[in-house]
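K.L.:
Let me begin by handing over the structure; questions about it come next.
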Amino acid sequence: MTAAHTCTLLSVRSATRRFGGLVAVNQLSFDLYPGEVVGLLGPNGSGKTTAMNLISGALPAHGGQILFNGQPIHALKSHQIARLGIARTFQLVRVLGPLSCQDNVIAGMAFKPRPLFGKAAAARAQELLQRVGLERHAALPAGELTYIDQKRLELARALALEPRLLLLDEWLAGLNPTELQQGIALIRQLQGSGLTILMVEHVMDAVHALCSRCVVMHAGTRIAEGATAQVLRDPEVVRAYLGGEEDDSREAAHA
């Protein structure tokens with residue numbers, strides 16, 4: 001099923017966000033279609049995480065519209081957006097350190113459209129921990145996990161919401177080569193289950209492996225959008241996003 005033959009799941013229309021005199025996101029527009037994995041790319045400071053914050057409700061937009069499944073969500077609070085089916089991970093991991101891994105995941109289930117509690121929630125949490133490779137750490141306080149395992153836990157908690165759209169903010173950053181391949185395989189499994197994914201990512205191997213399309217931002221503005229290989233060869237993208245990273249620009253040129 002191609003994007004041209006499906007309904008839009010997420011539509012960002014001229015979304016704008018200012019911080020004082022800085023326009024962090026400037027008239028950003030793009031669409032996501034069900035089942036896609038799309039990369040949101042750009043150099044540090046280009047507005048990618050701010051855009052994710054606008055979609056998830058962590059920040060209000062100062063202009064434009066954001067629609068999810070045809071419903072305007074740009075005026076909603078983050079917990080309201082979560083209940084509609086949008087979940088996310090954060091660039092800086094946010095786990096509930098004193099709570100066990102299982103309880104971290106159970107906490108996410110309170111915000112899904114049909115909340116789970118008690119034994120049903122515990123059983124589902126164990127399934128999700130197994131899915132991300134943390135089943136042996138269910139009783140361990142989240143604060144005692146390694147950084148990489150905290151990332152896995154945060155993903156399990158996001159999946160506890162049973163989202164239709166998953167926002168991944170540099171979830172694959174910092175993984176070693178083996179962990180990276182495991183992470184790519186997991187994201188492919190999530191896509192195969194019908195999940196739509198928007199991912200901010202700097203790991204080009206992952207972008208090439210996972211993203212059918214990319215949206216590229218620079219200084220708060222969208223500068224390119226399209227098929228991944230085509231976008232990463234765009235001279236403006238190479239200059240703005242990859243120009244300072246020699247290895248990545250060489251890779252993009254041969255995409």
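Each chain in the structure tokens gets a letter, A, B and so on, in the order shown; residues start at 1 in every chain, and ligands are counted from 1 in the order they appear.
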Run DSSP on the backbone and tell me which residues of range 27-64 of chain A come out as helix (DSSP H, G or I); list them as a VMD selection string.
P.N.:
chain A and resid 48 to 56
K.L.:
I'd like the contact shell of Arg157 in chain A - 7 Å cut-off, only C-alpha atoms, skipping same-chain residues fewer than 5 positions apart - returned as a ChimeraX atom specification.
P.N.:
/A:104-105,108
K.L.:
Counting only C-alpha atoms, what are the residues of range 86-205 of chain A within 8 Å of range 30-51 of chain A, and for each of them which pair of atoms is the nearest and at what distance in Å, to one decimal? Sort the table by chain and rising number, as JSON lines.
P.N.:
{"residue": "A:Gln91", "atom": "CA", "partner": "A:Thr49", "partner_atom": "CA", "distance": 7.9}
{"residue": "A:Asp169", "atom": "CA", "partner": "A:Thr49", "partner_atom": "CA", "distance": 7.0}
{"residue": "A:Gln191", "atom": "CA", "partner": "A:Gly35", "partner_atom": "CA", "distance": 6.1}
{"residue": "A:Gly192", "atom": "CA", "partner": "A:Gly35", "partner_atom": "CA", "distance": 7.8}
{"residue": "A:Gly194", "atom": "CA", "partner": "A:Gly35", "partner_atom": "CA", "distance": 5.3}
{"residue": "A:Leu195", "atom": "CA", "partner": "A:Gly35", "partner_atom": "CA", "distance": 5.5}
{"residue": "A:Thr196", "atom": "CA", "partner": "A:Gly35", "partner_atom": "CA", "distance": 4.5}
{"residue": "A:Ile197", "atom": "CA", "partner": "A:Val37", "partner_atom": "CA", "distance": 4.7}
{"residue": "A:Leu198", "atom": "CA", "partner": "A:Val38", "partner_atom": "CA", "distance": 5.0}
{"residue": "A:Met199", "atom": "CA", "partner": "A:Gly39", "partner_atom": "CA", "distance": 5.0}
{"residue": "A:Val200", "atom": "CA", "partner": "A:Leu40", "partner_atom": "CA", "distance": 4.8}
{"residue": "A:Glu201", "atom": "CA", "partner": "A:Leu41", "partner_atom": "CA", "distance": 6.3}
{"residue": "A:His202", "atom": "CA", "partner": "A:Leu41", "partner_atom": "CA", "distance": 7.1}
K.L.:
Take the residues just selected and output them with all heavy atoms as a compact mmCIF listing (two decimals), in the first residue's frame.
P.N.:
# COMPACT_ATOMS: atom_id res chain seq x y z
N GLN A 91 15.04 12.56 23.63
CA GLN A 91 16.47 12.62 23.35
C GLN A 91 17.27 12.41 24.63
O GLN A 91 18.28 11.72 24.65
CB GLN A 91 16.80 13.98 22.72
CG GLN A 91 18.22 14.12 22.22
CD GLN A 91 18.43 15.44 21.51
OE1 GLN A 91 17.52 16.27 21.41
NE2 GLN A 91 19.62 15.65 21.02
N ASP A 169 13.04 10.01 19.24
CA ASP A 169 14.00 11.12 19.20
C ASP A 169 15.40 10.59 19.50
O ASP A 169 15.78 10.43 20.65
CB ASP A 169 13.60 12.20 20.21
CG ASP A 169 14.31 13.53 19.93
OD1 ASP A 169 15.26 13.55 19.13
OD2 ASP A 169 13.91 14.55 20.53
N GLN A 191 7.19 -1.60 12.76
CA GLN A 191 6.54 -1.20 11.51
C GLN A 191 5.70 -2.33 10.96
O GLN A 191 4.57 -2.12 10.48
CB GLN A 191 7.58 -0.77 10.48
CG GLN A 191 6.95 -0.29 9.17
CD GLN A 191 7.98 -0.04 8.09
OE1 GLN A 191 9.08 -0.62 8.11
NE2 GLN A 191 7.65 0.81 7.12
N GLY A 192 6.23 -3.56 11.04
CA GLY A 192 5.50 -4.72 10.54
C GLY A 192 4.20 -4.97 11.28
O GLY A 192 3.27 -5.57 10.74
N GLY A 194 2.22 -2.64 12.07
CA GLY A 194 1.29 -1.59 11.64
C GLY A 194 1.56 -0.24 12.22
O GLY A 194 0.83 0.72 11.94
N LEU A 195 2.61 -0.12 13.04
CA LEU A 195 2.92 1.16 13.68
C LEU A 195 3.54 2.13 12.67
O LEU A 195 4.36 1.75 11.84
CB LEU A 195 3.88 0.90 14.83
CG LEU A 195 4.08 2.00 15.88
CD1 LEU A 195 2.77 2.40 16.52
CD2 LEU A 195 5.05 1.49 16.95
N THR A 196 3.15 3.38 12.77
CA THR A 196 3.76 4.45 11.98
C THR A 196 4.80 5.14 12.86
O THR A 196 4.55 5.39 14.04
CB THR A 196 2.69 5.48 11.54
OG1 THR A 196 1.66 4.78 10.83
CG2 THR A 196 3.29 6.55 10.64
N ILE A 197 5.97 5.43 12.28
CA ILE A 197 7.09 5.93 13.08
C ILE A 197 7.70 7.17 12.43
O ILE A 197 8.00 7.16 11.23
CB ILE A 197 8.17 4.85 13.26
CG1 ILE A 197 7.59 3.63 13.98
CG2 ILE A 197 9.38 5.40 14.03
CD1 ILE A 197 8.51 2.43 14.02
N LEU A 198 7.86 8.21 13.23
CA LEU A 198 8.62 9.40 12.83
C LEU A 198 9.86 9.42 13.71
O LEU A 198 9.74 9.46 14.93
CB LEU A 198 7.79 10.67 13.02
CG LEU A 198 8.51 11.99 12.70
CD1 LEU A 198 8.84 12.09 11.20
CD2 LEU A 198 7.66 13.19 13.13
N MET A 199 11.04 9.40 13.10
CA MET A 199 12.26 9.29 13.88
C MET A 199 13.25 10.40 13.56
O MET A 199 13.59 10.63 12.40
CB MET A 199 12.90 7.91 13.72
CG MET A 199 13.17 7.46 12.31
SD MET A 199 13.67 5.70 12.22
CE MET A 199 15.21 5.73 13.13
N VAL A 200 13.67 11.10 14.62
CA VAL A 200 14.80 12.01 14.54
C VAL A 200 16.04 11.15 14.69
O VAL A 200 16.17 10.41 15.66
CB VAL A 200 14.74 13.08 15.66
CG1 VAL A 200 16.06 13.85 15.71
CG2 VAL A 200 13.58 14.03 15.43
N GLU A 201 16.95 11.23 13.73
CA GLU A 201 18.09 10.32 13.77
C GLU A 201 19.29 10.92 13.05
O GLU A 201 19.15 11.57 12.02
CB GLU A 201 17.69 8.98 13.12
CG GLU A 201 18.64 7.85 13.41
CD GLU A 201 18.93 7.71 14.89
OE1 GLU A 201 18.02 7.32 15.66
OE2 GLU A 201 20.07 8.04 15.28
N HIS A 202 20.48 10.69 13.64
CA HIS A 202 21.74 11.09 13.01
C HIS A 202 22.52 9.89 12.49
O HIS A 202 23.51 10.07 11.78
CB HIS A 202 22.62 11.86 14.00
CG HIS A 202 22.11 13.23 14.32
ND1 HIS A 202 22.07 14.25 13.39
CD2 HIS A 202 21.63 13.76 15.47
CE1 HIS A 202 21.59 15.34 13.95
NE2 HIS A 202 21.30 15.07 15.21
K.L.:
If I take CA of Ala15 in chain A and CA of Gly63 in chain A, how far is one from the other in Å, to one decimal?
P.N.:
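A separation of 5.6 Å between them.
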K.L.:
Could you pull the residues within 12 Å of Pro115 in chain A, counting only C-alpha atoms, minus those fewer than 2 positions along the same chain, as number ranges by chain?
P.N.:
A: 82-83, 106-113, 117-118, 120-121, 124, 160-162
K.L.:
Could you tell me how far CA of Leu155 in chain A sits from CA of His137 in chain A, in Å to one decimal place?
P.N.:
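Between these atoms lies a distance of 14.6 Å.
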K.L.:
Would you mind listing what lies within 8 Å of range 79-81 of chain A as a PDB file with N, CA, C and O atoms, in the first residue's frame, with only C-alpha atoms counted and same-chain residues fewer than 5 positions away left out?
P.N.:
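Resulting contents of around12.pdb:
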ATOM      1  N   SER A  56       3.733  16.126  19.948  1.00  0.00           N
ATOM      2  CA  SER A  56       3.350  15.367  21.146  1.00  0.00           C
ATOM      3  C   SER A  56       2.641  16.211  22.196  1.00  0.00           C
ATOM      4  O   SER A  56       2.147  15.681  23.187  1.00  0.00           O
ATOM      5  N   GLY A  57       2.603  17.529  21.997  1.00  0.00           N
ATOM      6  CA  GLY A  57       1.925  18.403  22.952  1.00  0.00           C
ATOM      7  C   GLY A  57       2.796  18.868  24.098  1.00  0.00           C
ATOM      8  O   GLY A  57       2.317  19.530  25.021  1.00  0.00           O
ATOM      9  N   ILE A  73      -4.964  18.601  16.808  1.00  0.00           N
ATOM     10  CA  ILE A  73      -4.420  18.273  18.132  1.00  0.00           C
ATOM     11  C   ILE A  73      -3.502  19.367  18.672  1.00  0.00           C
ATOM     12  O   ILE A  73      -3.012  19.250  19.799  1.00  0.00           O
ATOM     13  N   ILE A  86      -0.614   8.752  20.191  1.00  0.00           N
ATOM     14  CA  ILE A  86       0.735   9.213  19.854  1.00  0.00           C
ATOM     15  C   ILE A  86       1.616   9.028  21.084  1.00  0.00           C
ATOM     16  O   ILE A  86       1.314   9.542  22.155  1.00  0.00           O
ATOM     17  N   PHE A 111      -2.314   5.772  30.578  1.00  0.00           N
ATOM     18  CA  PHE A 111      -2.627   6.858  29.647  1.00  0.00           C
ATOM     19  C   PHE A 111      -3.106   6.361  28.295  1.00  0.00           C
ATOM     20  O   PHE A 111      -3.344   7.168  27.395  1.00  0.00           O
TER      21      PHE A 111
END
K.L.:
Can you tell me how far CA of Pro60 in chain A sits from CA of Arg13 in chain A, in Å to one decimal?
P.N.:
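Straight-line distance from CA of Pro60 in chain A to CA of Arg13 in chain A works out to 14.0 Å.
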K.L.:
Enumerate, as a list in words, the complete set of residues in range 95-241 of chain A that a backbone-based DSSP assignment places in strand (DSSP E).
P.N.:
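The strand (DSSP E) residues within range 95-241 of chain A come out as Leu165, Leu166, Leu167, Leu168, Asp169, Thr196, Ile197, Leu198, Met199, Val200, Arg213, Cys214, Val215, Val216, Met217, His218, Thr221, Arg222, Ile223, Ala224, Glu225, Gly226 and Ala227 of chain A.
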K.L.:
Show which residues sit within 7 Å of Ala61 in chain A, as a list of chain:residue names. Count only C-alpha atoms, and ignore same-chain residues fewer than 5 positions away.
P.N.:
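Returned residues: A:Ala15, A:Thr16, A:Arg17, A:Leu54, A:His74.
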K.L.:
So, with only C-alpha atoms as the atoms that count, which of A:Pro177, A:Pro98, A:Gly21, A:Pro72 lies closest to Ala139 in chain A?
P.N.:
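Closest residue, counting only C-alpha atoms: A:Pro98.
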